[in-house]
>>> print(open('entry-v5.tsv').read())   # TSV, C-alpha atoms and all ligand atoms
chain	number	residue	atom	x	y	z
P	1405	MET	CA	-17.86	-32.61	-68.37
P	1406	GLN	CA	-18.99	-29.68	-66.29
P	1407	GLY	CA	-21.69	-31.73	-64.57
P	1408	ILE	CA	-19.21	-34.38	-63.54
P	1409	LYS	CA	-16.91	-31.85	-61.96
P	1410	GLU	CA	-19.75	-30.28	-59.99
P	1411	GLU	CA	-20.79	-33.64	-58.62
P	1412	PHE	CA	-17.25	-34.33	-57.60
P	1413	ASP	CA	-17.03	-31.02	-55.74
P	1414	ALA	CA	-20.32	-31.71	-53.98
P	1415	ASP	CA	-18.97	-35.04	-52.80
P	1416	ARG	CA	-15.92	-33.40	-51.37
P	1417	LYS	CA	-18.00	-30.91	-49.42
P	1418	GLU	CA	-19.85	-33.75	-47.72
P	1419	ASN	CA	-16.55	-35.07	-46.57
P	1420	TYR	CA	-17.17	-34.04	-43.00
P	1421	VAL	CA	-17.93	-36.89	-40.64
P	1422	SER	CA	-21.63	-37.21	-39.85
P	1423	ILE	CA	-21.28	-40.60	-38.16
P	1424	THR	CA	-18.75	-41.32	-35.44
P	1425	ASP	CA	-18.42	-43.99	-32.80
P	1426	PHE	CA	-18.03	-41.38	-30.10
P	1427	ILE	CA	-20.16	-38.41	-29.18
P	1428	THR	CA	-19.18	-35.04	-30.62
P	1429	GLU	CA	-20.67	-31.59	-30.55
P	1430	GLN	CA	-22.69	-32.24	-33.70
P	1431	ASN	CA	-22.97	-36.02	-33.54
P	1432	LYS	CA	-25.06	-36.51	-30.43
P	1433	TYR	CA	-27.87	-38.72	-31.73
P	1434	GLU	CA	-27.32	-42.28	-30.64
P	1435	PHE	CA	-28.19	-45.24	-32.85
P	1436	SER	CA	-26.79	-48.69	-33.43
P	1437	CYS	CA	-25.54	-50.68	-36.36
P	1438	GLY	CA	-28.33	-52.86	-37.76
P	1439	LYS	CA	-25.98	-55.78	-37.91
P	1440	CYS	CA	-23.55	-55.89	-34.98
P	1441	GLY	CA	-25.43	-53.48	-32.70
P	1442	LYS	CA	-22.42	-51.29	-32.11
P	1443	ILE	CA	-23.37	-47.82	-30.88
P	1444	PHE	CA	-22.69	-44.83	-33.09
P	1445	PHE	CA	-23.49	-41.15	-32.98
P	1446	ALA	CA	-24.86	-39.18	-35.90
P	1447	ASP	CA	-25.68	-35.56	-36.53
P	1448	LYS	CA	-29.33	-34.58	-36.77
P	1449	PRO	CA	-29.92	-34.88	-40.55
P	1450	THR	CA	-28.15	-38.22	-40.71
P	1451	PHE	CA	-30.02	-39.51	-37.68
P	1452	GLU	CA	-33.33	-38.44	-39.20
P	1453	ASN	CA	-32.46	-40.23	-42.44
P	1454	ILE	CA	-31.71	-43.43	-40.56
P	1455	ASN	CA	-34.93	-43.17	-38.56
P	1456	ARG	CA	-36.97	-42.54	-41.68
P	1457	ALA	CA	-35.56	-45.66	-43.29
P	1458	VAL	CA	-36.32	-47.70	-40.17
P	1459	GLU	CA	-39.91	-46.38	-40.08
P	1460	GLN	CA	-40.40	-47.43	-43.67
P	1461	GLY	CA	-39.52	-50.97	-42.66
P	1462	LEU	CA	-36.14	-51.01	-44.26
P	1463	ASP	CA	-34.42	-52.66	-41.37
P	1464	ASN	CA	-30.67	-52.91	-41.20
P	1465	SER	CA	-30.74	-49.48	-42.73
P	1466	PHE	CA	-27.40	-48.64	-41.24
P	1467	HIS	CA	-24.40	-50.91	-41.31
P	1468	CYS	CA	-21.22	-49.70	-39.75
P	1469	GLU	CA	-18.05	-49.61	-41.77
P	1470	ASN	CA	-16.86	-52.89	-40.27
P	1471	CYS	CA	-20.00	-54.78	-41.25
P	1472	ARG	CA	-20.05	-53.16	-44.67
P	1473	ARG	CA	-16.47	-54.20	-45.26
P	1474	LYS	CA	-17.22	-57.74	-44.12
P	1475	TYR	CA	-20.23	-57.86	-46.43
P	1476	GLU	CA	-18.19	-56.62	-49.35
P	1477	GLU	CA	-15.50	-59.18	-48.67
P	1478	ALA	CA	-18.09	-61.95	-48.49
P	1479	ALA	CA	-19.69	-60.79	-51.71
P	1480	TYR	CA	-16.31	-60.79	-53.35
P	1481	GLU	CA	-15.42	-64.26	-52.08
P	1482	THR	CA	-18.62	-65.89	-53.32
P	1483	ARG	CA	-18.07	-64.63	-56.82
P	1501	ZN	ZN	-21.80	-53.21	-37.52
>>> encode(input="entry-v5.tsv", output="structure tokens")
Amino acid sequence: MQGIKEEFDADRKENYVSITDFITEQNKYEFSCGKCGKIFFADKPTFENINRAVEQGLDNSFHCENCRRKYEEAAYETR
């Protein structure tokens, strides 16, 4: 049970926003949603993660919350 609790705590710590749709002091790296092309701003580690995924040919590596929600709804409807 201990392990589960630690994971949960780690999740909570990451609860700061590393992707926003406006520029902030830490989120100043511009990128766009792979689906709708909407512009977002990420902090450096998040931006580097996205870029790494794109370089590896995993396109559409980032989907904004809107697109993700739409996708989930579509997946649910086709079931
Ligand atoms: Zn999108």
>>> residues_around(input="entry-v5.tsv", residues="Gly1438 of chain P", least_positions_apart="3", cutoff="12 Å", atoms="only C-alpha atoms", output="list in words")
Phe1435, Gly1441, Lys1442, Ile1443, Phe1444, Ile1454, Asn1455, Ala1457, Val1458, Leu1462, Asp1463, Asn1464, Ser1465, Phe1466, His1467, Cys1468, Glu1469, Asn1470, Cys1471 and Arg1472 of chain P
>>> closest_residue(input="entry-v5.tsv", among="P:Gln1460, P:Cys1440, P:Tyr1475, P:Pro1449", to="ligand ZN 1501 (chain P)", atoms="all atoms listed in the file")
P:Cys1440
>>> closest_residue(input="entry-v5.tsv", among="P:Lys1432, P:Lys1439, P:Arg1456, P:Lys1448", to="ligand ZN 1501 (chain P)", atoms="all atoms listed in the file")
P:Lys1439
>>> closest_residue(input="entry-v5.tsv", among="P:Thr1424, P:Ala1478, P:Cys1437, P:Asp1447", to="ligand ZN 1501 (chain P)", atoms="all atoms listed in the file")
P:Cys1437
>>> residues_around(input="entry-v5.tsv", residues="Asn1431 of chain P", least_positions_apart="6", cutoff="7 Å", atoms="all atoms listed in the file", output="ChimeraX atom specification")
/P:1422-1423,1445-1447
>>> write_last_selection(input="entry-v5.tsv", atoms="C-alpha atoms", output="compact mmCIF listing (two decimals), in the frame of the given file")
# COMPACT_ATOMS: atom_id res chain seq x y z
CA SER P 1422 -21.63 -37.21 -39.85
CA ILE P 1423 -21.28 -40.60 -38.16
CA PHE P 1445 -23.49 -41.15 -32.98
CA ALA P 1446 -24.86 -39.18 -35.90
CA ASP P 1447 -25.68 -35.56 -36.53
>>> closest_residue(input="entry-v5.tsv", among="P:Ser1436, P:Ile1427, P:Glu1459, P:Glu1452", to="ligand ZN 1501 (chain P)", atoms="all atoms listed in the file")
P:Ser1436
>>> closest_residue(input="entry-v5.tsv", among="P:Lys1474, P:Tyr1433, P:Glu1481, P:Thr1450", to="Val1421 of chain P", atoms="only C-alpha atoms")
P:Thr1450
>>> closest_residue(input="entry-v5.tsv", among="P:Gly1461, P:Asn1453, P:Phe1426, P:Arg1473", to="ligand ZN 1501 (chain P)", atoms="all atoms listed in the file")
P:Arg1473
>>> axis_aligned_box(input="entry-v5.tsv", around="segment 1438-1453 of chain P", padding_each_side="6 Å", output="JSON")
{"center_x": -27.9, "center_y": -45.2, "center_z": -36.7, "size_x": 22.9, "size_y": 33.3, "size_z": 23.6}
